[in-house]
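Trainee: What follows is structure.cif, mmCIF, C-alpha atoms.
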```
data_input
#
loop_
_atom_site.label_atom_id
_atom_site.label_comp_id
_atom_site.auth_asym_id
_atom_site.auth_seq_id
_atom_site.Cartn_x
_atom_site.Cartn_y
_atom_site.Cartn_z
CA MET A 96 0.00 0.00 0.00
CA LYS A 97 0.99 3.62 -0.43
CA LEU A 98 -0.41 7.03 0.45
CA LYS A 99 -0.64 9.61 -2.32
CA ILE A 100 -1.25 13.31 -1.60
CA ASN A 101 -2.18 15.36 -4.64
CA GLY A 102 0.22 18.21 -5.37
CA PHE A 103 3.30 16.36 -4.13
CA THR A 104 5.73 14.21 -6.09
CA ASN A 105 6.57 11.40 -3.70
CA GLU A 106 4.24 8.71 -2.40
CA LEU A 107 4.56 7.30 1.10
CA GLU A 108 4.88 3.55 0.67
CA PHE A 109 4.05 1.14 3.50
CA TYR A 110 6.70 -1.54 3.99
CA GLU A 111 6.54 -4.67 6.11
CA ASP A 112 9.61 -3.65 8.11
CA LYS A 113 9.13 0.14 8.37
CA VAL A 114 7.03 2.67 10.24
CA ASN A 115 5.98 5.68 8.16
CA ILE A 116 6.54 9.27 9.25
CA LEU A 117 4.94 12.18 7.40
CA ALA A 118 6.80 15.33 8.46
CA ILE A 119 5.01 18.53 7.36
CA ASN A 120 6.92 21.68 8.29
CA ASP A 121 4.30 24.26 7.30
CA THR A 122 1.64 24.62 10.02
CA LYS A 123 -1.26 25.35 7.67
CA CYS A 124 -0.37 22.42 5.41
CA PHE A 125 0.11 20.17 8.46
CA THR A 126 -3.37 21.02 9.77
CA ASN A 127 -5.00 20.78 6.35
CA ILE A 128 -3.64 17.29 5.59
CA ILE A 129 -4.64 15.92 9.00
CA GLN A 130 -8.14 17.35 8.59
CA LYS A 131 -8.59 15.98 5.09
CA LEU A 132 -7.27 12.55 6.08
CA ASN A 133 -9.51 12.44 9.15
CA ASN A 134 -12.54 13.43 7.06
CA LYS A 135 -11.72 10.62 4.64
CA ILE A 136 -11.46 8.13 7.52
CA GLU A 137 -14.78 9.36 8.93
CA ASP A 138 -16.28 9.09 5.43
CA ILE A 139 -17.44 12.71 5.36
CA ASP A 140 -15.20 13.84 2.50
CA ASP A 141 -15.26 12.54 -1.07
CA SER A 142 -12.55 14.88 -2.38
CA ASN A 143 -9.65 13.60 -4.43
CA ASP A 144 -6.82 15.14 -2.40
CA ILE A 145 -5.56 12.04 -0.61
CA PHE A 146 -5.54 8.44 -1.87
CA LEU A 147 -4.61 5.08 -0.41
CA LEU A 148 -3.46 2.79 -3.21
CA ASP A 149 -2.66 -0.91 -3.40
CA LYS A 150 0.38 -2.39 -5.16
CA ASP A 151 -1.48 -2.22 -8.50
CA ASN A 152 -2.34 1.47 -7.97
CA LYS A 153 -5.99 0.68 -7.38
CA GLU A 154 -7.65 2.97 -4.84
CA LEU A 155 -8.55 1.48 -1.47
CA LYS A 156 -11.25 2.82 0.84
CA ILE A 157 -9.41 4.80 3.50
CA GLN A 158 -12.31 4.50 5.96
CA LYS A 159 -11.94 0.71 5.89
CA GLU A 160 -8.15 0.60 6.14
CA MET A 161 -7.29 3.41 8.58
CA CYS A 162 -8.13 4.76 12.00
CA MET A 163 -6.82 8.04 13.37
CA ILE A 164 -6.06 8.73 17.04
CA LEU A 165 -6.47 12.43 17.78
CA ASP A 166 -6.72 12.14 21.57
CA LEU A 167 -4.03 9.83 22.95
CA PHE A 168 -5.32 10.16 26.50
CA ASN A 169 -8.83 9.00 25.63
CA ILE A 170 -8.55 6.38 22.90
CA GLU A 171 -12.00 5.07 22.01
CA TYR A 172 -11.78 1.29 22.22
CA ASN A 173 -15.56 0.92 22.35
CA SER A 174 -16.47 2.59 19.10
CA LYS A 175 -19.39 1.12 17.18
CA LYS A 176 -17.06 -0.32 14.53
CA ILE A 177 -14.82 -2.05 17.10
CA LEU A 178 -17.66 -3.42 19.24
CA ASN A 179 -19.59 -4.72 16.23
CA LYS A 180 -16.49 -6.54 15.04
CA LEU A 181 -15.81 -7.89 18.55
CA TYR A 182 -19.39 -9.18 18.90
CA ASP A 183 -19.22 -10.72 15.44
CA VAL A 184 -15.99 -12.59 16.22
CA ILE A 185 -17.25 -13.85 19.62
CA SER A 186 -20.56 -14.93 18.08
CA LYS A 187 -18.85 -16.91 15.33
CA ASP A 188 -16.48 -18.52 17.86
CA ILE A 189 -19.43 -19.61 20.01
CA GLU A 190 -21.36 -20.93 17.01
CA ASN A 191 -18.33 -22.82 15.69
CA SER A 192 -17.56 -24.33 19.09
CA GLY A 193 -20.82 -26.29 19.06
CA ASP A 194 -21.43 -25.43 22.70
CA ILE A 195 -24.69 -27.35 23.32
CA LYS A 196 -24.95 -26.13 26.93
CA LEU A 197 -24.97 -22.50 25.85
CA GLN A 198 -27.50 -23.15 23.12
CA SER A 199 -29.72 -24.93 25.67
CA LEU A 200 -29.55 -21.93 27.97
CA PHE A 201 -30.73 -19.65 25.17
CA VAL A 202 -33.65 -22.01 24.54
CA GLU A 203 -34.54 -21.97 28.25
CA ILE A 204 -34.47 -18.17 28.33
CA ARG A 205 -36.76 -18.06 25.31
CA LYS A 206 -39.13 -20.56 26.96
CA CYS A 207 -39.31 -18.40 30.11
CA ILE A 208 -40.20 -15.37 28.02
CA ILE A 209 -42.91 -17.32 26.16
CA ASP A 210 -44.36 -18.54 29.48
CA GLU A 211 -44.62 -14.95 30.67
CA ILE A 212 -46.19 -13.49 27.54
CA ASN A 213 -48.74 -16.32 27.40
CA GLU A 214 -50.29 -14.78 30.52
CA PHE A 215 -51.40 -11.81 28.41
CA PRO A 216 -54.54 -11.91 26.25
CA PHE A 217 -52.59 -10.78 23.19
CA GLU A 218 -51.00 -12.40 20.17
CA PHE A 219 -47.22 -12.11 19.87
CA THR A 220 -44.52 -13.07 17.41
CA MET A 221 -40.96 -13.98 18.36
CA SER A 222 -37.95 -14.85 16.28
CA ASP A 223 -36.65 -18.41 16.44
CA ASP A 224 -33.12 -17.25 15.65
CA ILE A 225 -30.63 -17.09 18.49
CA ASP A 226 -28.70 -13.87 17.96
CA ILE A 227 -25.60 -14.06 20.13
CA SER A 228 -24.52 -10.54 19.14
CA LYS A 229 -27.74 -9.14 20.59
CA MET A 230 -27.13 -11.10 23.78
CA LEU A 231 -23.67 -9.55 24.07
CA LYS A 232 -25.19 -6.10 23.66
CA LEU A 233 -27.76 -6.96 26.32
CA TYR A 234 -24.94 -7.72 28.76
CA ASP A 235 -23.25 -4.47 27.68
CA LEU A 236 -19.96 -6.22 26.93
CA LYS A 237 -17.25 -3.58 26.53
CA ILE A 238 -13.48 -3.20 26.65
CA ASP A 239 -12.14 -1.84 29.93
CA ASN A 240 -10.65 1.58 29.11
CA LEU A 241 -9.10 1.86 32.57
CA ALA A 242 -6.93 -1.23 32.19
CA TYR A 243 -4.27 0.71 30.25
CA ASN A 244 -2.56 3.72 31.80
CA SER A 245 0.40 5.08 29.86
CA ILE A 246 0.16 6.33 26.29
CA LEU A 247 2.49 3.54 25.20
CA GLU A 248 0.25 0.91 26.82
CA LYS A 249 -2.85 2.43 25.24
CA ILE A 250 -1.38 2.36 21.73
CA GLU A 251 0.04 -1.13 22.14
CA PHE A 252 -3.37 -2.37 23.23
CA LEU A 253 -4.97 -0.72 20.20
CA ILE A 254 -2.43 -2.61 18.08
CA ASP A 255 -3.40 -5.85 19.87
CA LEU A 256 -7.05 -5.10 19.23
CA ASN A 257 -6.53 -4.47 15.53
CA SER A 258 -4.26 -7.47 15.14
CA THR A 259 -6.79 -9.80 16.82
CA LEU A 260 -9.98 -8.48 15.24
CA GLU A 261 -8.48 -7.35 11.91
CA ILE A 262 -10.41 -4.07 11.90
CA PHE A 263 -7.87 -1.64 10.44
CA SER A 264 -4.51 -2.15 8.79
CA ILE A 265 -3.10 1.34 9.45
CA ILE A 266 -3.17 3.43 12.63
CA VAL A 267 -2.59 7.15 12.07
CA ILE A 268 -1.29 9.22 15.00
CA PRO A 269 -0.47 12.95 14.75
CA ASN A 270 2.11 14.47 17.11
CA LEU A 271 3.04 11.21 18.83
CA LYS A 272 6.72 12.12 19.17
CA ILE A 273 6.04 14.88 21.70
CA TYR A 274 4.65 12.27 24.11
CA LEU A 275 7.09 9.36 23.82
CA SER A 276 10.81 9.06 24.35
CA GLU A 277 13.08 7.73 21.64
CA GLN A 278 13.31 4.39 23.47
CA GLU A 279 9.51 4.15 23.76
CA LEU A 280 9.11 4.94 20.07
CA ILE A 281 11.49 2.16 19.08
CA GLU A 282 9.61 -0.25 21.37
CA LEU A 283 6.32 0.78 19.77
CA TYR A 284 7.73 0.44 16.26
CA LYS A 285 8.92 -3.11 16.95
CA TYR A 286 5.57 -4.01 18.53
CA SER A 287 3.54 -2.76 15.58
CA LEU A 288 5.76 -4.48 13.03
CA TYR A 289 5.65 -7.76 14.98
CA ASN A 290 1.84 -7.60 14.98
CA ASN A 291 1.69 -6.62 11.31
CA ILE A 292 -0.10 -3.33 12.03
CA LYS A 293 1.19 -0.36 10.08
CA LEU A 294 1.80 2.98 11.80
CA LEU A 295 1.64 6.39 10.16
CA LEU A 296 2.89 9.23 12.36
CA ILE A 297 2.23 12.81 11.23
CA GLU A 298 4.72 15.26 12.73
CA LYS A 299 5.60 18.94 12.30
CA SER A 300 9.29 18.16 12.07
CA VAL A 301 11.79 15.34 12.50
CA ASP A 302 15.10 15.93 14.27
CA GLU A 303 16.69 12.65 13.23
CA LYS A 304 15.77 9.41 11.53
CA LEU A 305 15.24 6.59 14.02
CA GLU A 306 15.52 2.88 13.41
CA TYR A 307 12.59 1.41 11.43
CA GLU A 308 11.46 4.83 10.16
CA ASN A 309 10.56 5.67 6.57
CA ILE A 310 10.14 9.45 6.37
CA LEU A 311 8.43 11.67 3.80
CA VAL A 312 9.23 15.34 4.41
CA ILE A 313 7.18 18.26 3.08
CA ASN A 314 9.24 21.35 3.85
CA GLU A 315 8.30 25.03 4.24
CA ASN A 316 8.64 25.55 0.47
CA PHE A 317 6.29 22.59 -0.15
CA ASP A 318 9.07 20.53 -1.67
CA ASP A 319 8.74 16.86 -0.75
CA TYR A 320 11.43 14.20 -0.45
CA ILE A 321 12.06 10.84 1.19
CA LEU A 322 14.54 11.06 4.05
#
```
Could you render the structure from this file as structure tokens?
Mentor:
Amino acid sequence: MKLKINGFTNELEFYEDKVNILAINDTKCFTNIIQKLNNKIEDIDDSNDIFLLDKDNKELKIQKEMCMILDLFNIEYNSKKILNKLYDVISKDIENSGDIKLQSLFVEIRKCIIDEINEFPFEFTMSDDIDISKMLKLYDLKIDNLAYNSILEKIEFLIDLNSTLEIFSIIVIPNLKIYLSEQELIELYKYSLYNNIKLLLIEKSVDEKLEYENILVINENFDDYIL
């Protein structure tokens, strides 16, 4: 995959052994690109300014491939997209396990409901399908946001989540370098690469090139080059 920004020469290619850094020196350009990319991810912008392309240069849907973390202190693990995927995976695992005991419990619950509604002088209809996803929603199954404290832990858990559930392939994080030390960044890079989750960091500037980094710089004159 590669990210193409209209108006610039170089594309930012995603490698299996690299973490991508997009360094944008001009403040207005920095803000504009983050906003446009976020709007694409949120599916509220159909402009042709930013593209995500596969190896054959066919356009991919950014909203399906990327998530952007704008607030590192309050990462939303329980978004609708994540929970729906989590419920779907758990439901399929339960169905594939052939757990007869669990299926019997669902039948018993349904029987109890039928016994209750039969006391009313009304006619009712009820689905025969056992929807495990709806049961999970009923129990309000969610991910514990408080289980992860540091920013590094929060991002590593998000990587775990994406690796396990296969929700997104790219995590975009603006301004991450102001929060993590060089050692923490290297640890995060290795963790993301090991779990096959691609990182794209968007920074105002880059002081030096760290291990595992692939850097595309857009300078104050709007010239772009790979560092």
Trainee: Tell me, counting only C-alpha atoms, for each residue of stretch 225-317 of chain A within 12 Å of stretch 122-140 of chain A, which pair of atoms is nearest and how far apart they are in Å to one decimal, in rows ordered by chain and increasing number, as JSON lines.
Mentor:
```
{"residue": "A:Phe263", "atom": "CA", "partner": "A:Ile136", "partner_atom": "CA", "distance": 10.8}
{"residue": "A:Ile265", "atom": "CA", "partner": "A:Ile136", "partner_atom": "CA", "distance": 10.9}
{"residue": "A:Ile266", "atom": "CA", "partner": "A:Ile136", "partner_atom": "CA", "distance": 10.8}
{"residue": "A:Val267", "atom": "CA", "partner": "A:Asn133", "partner_atom": "CA", "distance": 9.2}
{"residue": "A:Ile268", "atom": "CA", "partner": "A:Ile129", "partner_atom": "CA", "distance": 9.6}
{"residue": "A:Pro269", "atom": "CA", "partner": "A:Ile129", "partner_atom": "CA", "distance": 7.7}
{"residue": "A:Asn270", "atom": "CA", "partner": "A:Phe125", "partner_atom": "CA", "distance": 10.6}
{"residue": "A:Leu295", "atom": "CA", "partner": "A:Ile129", "partner_atom": "CA", "distance": 11.5}
{"residue": "A:Leu296", "atom": "CA", "partner": "A:Ile129", "partner_atom": "CA", "distance": 10.6}
{"residue": "A:Ile297", "atom": "CA", "partner": "A:Ile129", "partner_atom": "CA", "distance": 7.9}
{"residue": "A:Glu298", "atom": "CA", "partner": "A:Phe125", "partner_atom": "CA", "distance": 8.0}
{"residue": "A:Lys299", "atom": "CA", "partner": "A:Phe125", "partner_atom": "CA", "distance": 6.8}
{"residue": "A:Ser300", "atom": "CA", "partner": "A:Phe125", "partner_atom": "CA", "distance": 10.1}
{"residue": "A:Val312", "atom": "CA", "partner": "A:Phe125", "partner_atom": "CA", "distance": 11.1}
{"residue": "A:Ile313", "atom": "CA", "partner": "A:Cys124", "partner_atom": "CA", "distance": 8.9}
{"residue": "A:Asn314", "atom": "CA", "partner": "A:Cys124", "partner_atom": "CA", "distance": 9.8}
{"residue": "A:Glu315", "atom": "CA", "partner": "A:Thr122", "partner_atom": "CA", "distance": 8.8}
{"residue": "A:Asn316", "atom": "CA", "partner": "A:Cys124", "partner_atom": "CA", "distance": 10.7}
{"residue": "A:Phe317", "atom": "CA", "partner": "A:Cys124", "partner_atom": "CA", "distance": 8.7}
```
Trainee: With only C-alpha atoms as the basis for distance, which of A:Asn120, A:Tyr286, A:Lys272, A:Lys229 is at the shortest distance from A:Ile254?
Mentor: A:Tyr286
Trainee: Let me make sure I understand: among A:Thr259, A:Asn244, A:Ser228, A:Asn152, which one has the smallest atom-to-atom distance to A:Glu108 if we use all atoms listed in the file?
Mentor: A:Asn152
Trainee: Could you tell me how far atom CA of A:Phe201 lies from atom CA of A:Phe215, in Å and to one decimal?
Mentor: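 Here the two named atoms are 22.3 Å from each other.
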Trainee: Hey, what's within 12 Å of A:Lys180 if we count all atoms listed in the file and toss same-chain stuff fewer than 6 positions away? As a ChimeraX atom specification, please?
Mentor: /A:172-174,186-187,228,231,237,256-257,259-263
Trainee: I need the residues from that last selection saved to file as a compact mmCIF listing (two decimals), in the coordinates of the input (with C-alpha atoms), if you can.
Mentor:
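Result saved to result_2.txt:
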```
# COMPACT_ATOMS: atom_id res chain seq x y z
CA TYR A 172 -11.78 1.29 22.22
CA ASN A 173 -15.56 0.92 22.35
CA SER A 174 -16.47 2.59 19.10
CA SER A 186 -20.56 -14.93 18.08
CA LYS A 187 -18.85 -16.91 15.33
CA SER A 228 -24.52 -10.54 19.14
CA LEU A 231 -23.67 -9.55 24.07
CA LYS A 237 -17.25 -3.58 26.53
CA LEU A 256 -7.05 -5.10 19.23
CA ASN A 257 -6.53 -4.47 15.53
CA THR A 259 -6.79 -9.80 16.82
CA LEU A 260 -9.98 -8.48 15.24
CA GLU A 261 -8.48 -7.35 11.91
CA ILE A 262 -10.41 -4.07 11.90
CA PHE A 263 -7.87 -1.64 10.44
```
Trainee: Using atom CA of A:Asn290 and atom CA of A:Asp112 as the two end points, give the distance in Å to one decimal.
Mentor: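 If I compute the distance from atom CA of A:Asn290 to atom CA of A:Asp112, I get 11.1 Å.
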Trainee: At a cut-off of 12 Å, using all atoms listed in the file, what residues contact A:Tyr320? Leave out same-chain residues fewer than 3 positions from it and give the result as a list in words.
Mentor: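 Surrounding residues, per the criterion: Phe103, Thr104, Asn105, Glu106, Leu107, Ile116, Leu117, Ala118, Ile119, Asn309, Ile310, Leu311, Val312, Ile313, Asn314, Asn316 and Phe317 of chain A.
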Trainee: What gap, in Å, lies between atom CA of A:Ala242 and atom CA of A:Ile227?
Mentor: 25.7 Å
Trainee: Find the residue from A:Asn143, A:Glu303, A:Leu178, A:Leu283 that sits nearest to A:Val114; use all atoms listed in the file when measuring.
Mentor: A:Leu283
Trainee: Go through A:Ser245, A:Ile208, A:Leu294, A:Leu253 and flag the residue nearest A:Leu275, using only C-alpha atoms for the distances.
Mentor: A:Ser245
Trainee: For stretch 98-101 of chain A, please output as a PDB file with C-alpha atoms, in the coordinates of the input all residues within 7 Å (counting all atoms listed in the file; exclusion window: fewer than 6 positions along the same chain).
Mentor:
```pdb
ATOM      1  CA  LEU A 107       4.560   7.300   1.100  1.00  0.00           C
ATOM      2  CA  GLU A 108       4.880   3.550   0.670  1.00  0.00           C
ATOM      3  CA  ASP A 144      -6.820  15.140  -2.400  1.00  0.00           C
ATOM      4  CA  ILE A 145      -5.560  12.040  -0.610  1.00  0.00           C
ATOM      5  CA  PHE A 146      -5.540   8.440  -1.870  1.00  0.00           C
ATOM      6  CA  LEU A 147      -4.610   5.080  -0.410  1.00  0.00           C
ATOM      7  CA  LEU A 148      -3.460   2.790  -3.210  1.00  0.00           C
TER       8      LEU A 148
END
```
Trainee: Find the residue from A:Asp226, A:Asp141, A:Glu154, A:Asp188 that sits nearest to A:Met96; use all atoms listed in the file when measuring.
Mentor: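 The closest residue to A:Met96 is A:Glu154.
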Trainee: Using all atoms listed in the file, which of the listed residues (A:Leu233, A:Glu248, A:Asp121, A:Glu306) sits closest to A:Tyr182?
Mentor: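 The shortest atom-to-atom distance to A:Tyr182 comes from A:Leu233.
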Trainee: Give me the residues near A:Leu167 as a tab-separated table (two decimals) with C-alpha atoms, in the frame of the given file, where near means some atom within 9 Å (using only C-alpha atoms) and where sequence neighbours in that chain fewer than 5 positions away do not count.
Mentor:
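Once written, part.tsv looks like this:
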```
chain	number	residue	atom	x	y	z
A	246	ILE	CA	0.16	6.33	26.29
A	249	LYS	CA	-2.85	2.43	25.24
A	250	ILE	CA	-1.38	2.36	21.73
A	268	ILE	CA	-1.29	9.22	15.00
A	271	LEU	CA	3.04	11.21	18.83
```
Trainee: Please evaluate the PyMOL selection byres ((chain A and resi 159) around 9) against the displayed coordinates and give the resulting residues as a list in words.
Mentor: Ile136, Leu155, Lys156, Ile157, Gln158, Glu160, Met161, Cys162, Ile262, Phe263 and Ser264 of chain A
Trainee: For the residues selected in the previous step, produce a file with C-alpha atoms as a PDB file, in the frame of the given file.
Mentor:
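The resulting part23.pdb:
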```
ATOM      1  CA  ILE A 136     -11.460   8.130   7.520  1.00  0.00           C
ATOM      2  CA  LEU A 155      -8.550   1.480  -1.470  1.00  0.00           C
ATOM      3  CA  LYS A 156     -11.250   2.820   0.840  1.00  0.00           C
ATOM      4  CA  ILE A 157      -9.410   4.800   3.500  1.00  0.00           C
ATOM      5  CA  GLN A 158     -12.310   4.500   5.960  1.00  0.00           C
ATOM      6  CA  GLU A 160      -8.150   0.600   6.140  1.00  0.00           C
ATOM      7  CA  MET A 161      -7.290   3.410   8.580  1.00  0.00           C
ATOM      8  CA  CYS A 162      -8.130   4.760  12.000  1.00  0.00           C
ATOM      9  CA  ILE A 262     -10.410  -4.070  11.900  1.00  0.00           C
ATOM     10  CA  PHE A 263      -7.870  -1.640  10.440  1.00  0.00           C
ATOM     11  CA  SER A 264      -4.510  -2.150   8.790  1.00  0.00           C
TER      12      SER A 264
END
```
Trainee: Would you compute the box with edges along x, y and z of the file around stretch 101-114 of chain A, including every atom the file lists for it and 6 Å extra on each side, and give its centre and edge lengths in Å to one decimal, as lines of an AutoDock Vina configuration file?
Mentor:
```
center_x = 3.7
center_y = 6.8
center_z = 2.1
size_x = 23.8
size_y = 34.9
size_z = 28.3
```
Trainee: Got a moment to write stretch 262-275 of chain A out with N, CA and C atoms, as a PDB file, in the first residue's frame?
Mentor:
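Wrote it out as selection07.pdb, contents follow:
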```pdb
ATOM      1  N   ILE A 262      -9.487  -5.166  12.198  1.00  0.00           N
ATOM      2  CA  ILE A 262     -10.409  -4.065  11.902  1.00  0.00           C
ATOM      3  C   ILE A 262      -9.772  -3.085  10.927  1.00  0.00           C
ATOM      4  N   PHE A 263      -8.595  -2.582  11.284  1.00  0.00           N
ATOM      5  CA  PHE A 263      -7.871  -1.637  10.443  1.00  0.00           C
ATOM      6  C   PHE A 263      -6.481  -2.195  10.150  1.00  0.00           C
ATOM      7  N   SER A 264      -5.884  -1.741   9.086  1.00  0.00           N
ATOM      8  CA  SER A 264      -4.507  -2.153   8.787  1.00  0.00           C
ATOM      9  C   SER A 264      -3.504  -1.053   9.094  1.00  0.00           C
ATOM     10  N   ILE A 265      -3.986   0.202   9.210  1.00  0.00           N
ATOM     11  CA  ILE A 265      -3.100   1.344   9.446  1.00  0.00           C
ATOM     12  C   ILE A 265      -3.652   2.196  10.579  1.00  0.00           C
ATOM     13  N   ILE A 266      -2.802   2.508  11.551  1.00  0.00           N
ATOM     14  CA  ILE A 266      -3.170   3.426  12.630  1.00  0.00           C
ATOM     15  C   ILE A 266      -2.419   4.734  12.403  1.00  0.00           C
ATOM     16  N   VAL A 267      -3.165   5.830  12.315  1.00  0.00           N
ATOM     17  CA  VAL A 267      -2.588   7.152  12.070  1.00  0.00           C
ATOM     18  C   VAL A 267      -2.574   7.934  13.382  1.00  0.00           C
ATOM     19  N   ILE A 268      -1.401   8.480  13.743  1.00  0.00           N
ATOM     20  CA  ILE A 268      -1.287   9.221  14.999  1.00  0.00           C
ATOM     21  C   ILE A 268      -0.516  10.521  14.762  1.00  0.00           C
ATOM     22  N   PRO A 269      -1.186  11.672  14.848  1.00  0.00           N
ATOM     23  CA  PRO A 269      -0.473  12.953  14.752  1.00  0.00           C
ATOM     24  C   PRO A 269       0.224  13.295  16.078  1.00  0.00           C
ATOM     25  N   ASN A 270       1.387  13.903  15.963  1.00  0.00           N
ATOM     26  CA  ASN A 270       2.110  14.466  17.111  1.00  0.00           C
ATOM     27  C   ASN A 270       2.517  13.452  18.183  1.00  0.00           C
ATOM     28  N   LEU A 271       2.708  12.221  17.822  1.00  0.00           N
ATOM     29  CA  LEU A 271       3.042  11.209  18.827  1.00  0.00           C
ATOM     30  C   LEU A 271       4.410  11.465  19.457  1.00  0.00           C
ATOM     31  N   LYS A 272       5.341  12.001  18.695  1.00  0.00           N
ATOM     32  CA  LYS A 272       6.723  12.120  19.168  1.00  0.00           C
ATOM     33  C   LYS A 272       6.886  13.095  20.333  1.00  0.00           C
ATOM     34  N   ILE A 273       5.921  13.963  20.555  1.00  0.00           N
ATOM     35  CA  ILE A 273       6.040  14.878  21.697  1.00  0.00           C
ATOM     36  C   ILE A 273       5.669  14.186  23.009  1.00  0.00           C
ATOM     37  N   TYR A 274       5.092  12.979  22.912  1.00  0.00           N
ATOM     38  CA  TYR A 274       4.648  12.270  24.111  1.00  0.00           C
ATOM     39  C   TYR A 274       5.558  11.106  24.499  1.00  0.00           C
ATOM     40  N   LEU A 275       6.281  10.549  23.553  1.00  0.00           N
ATOM     41  CA  LEU A 275       7.088   9.357  23.818  1.00  0.00           C
ATOM     42  C   LEU A 275       8.573   9.640  23.655  1.00  0.00           C
TER      43      LEU A 275
END
```
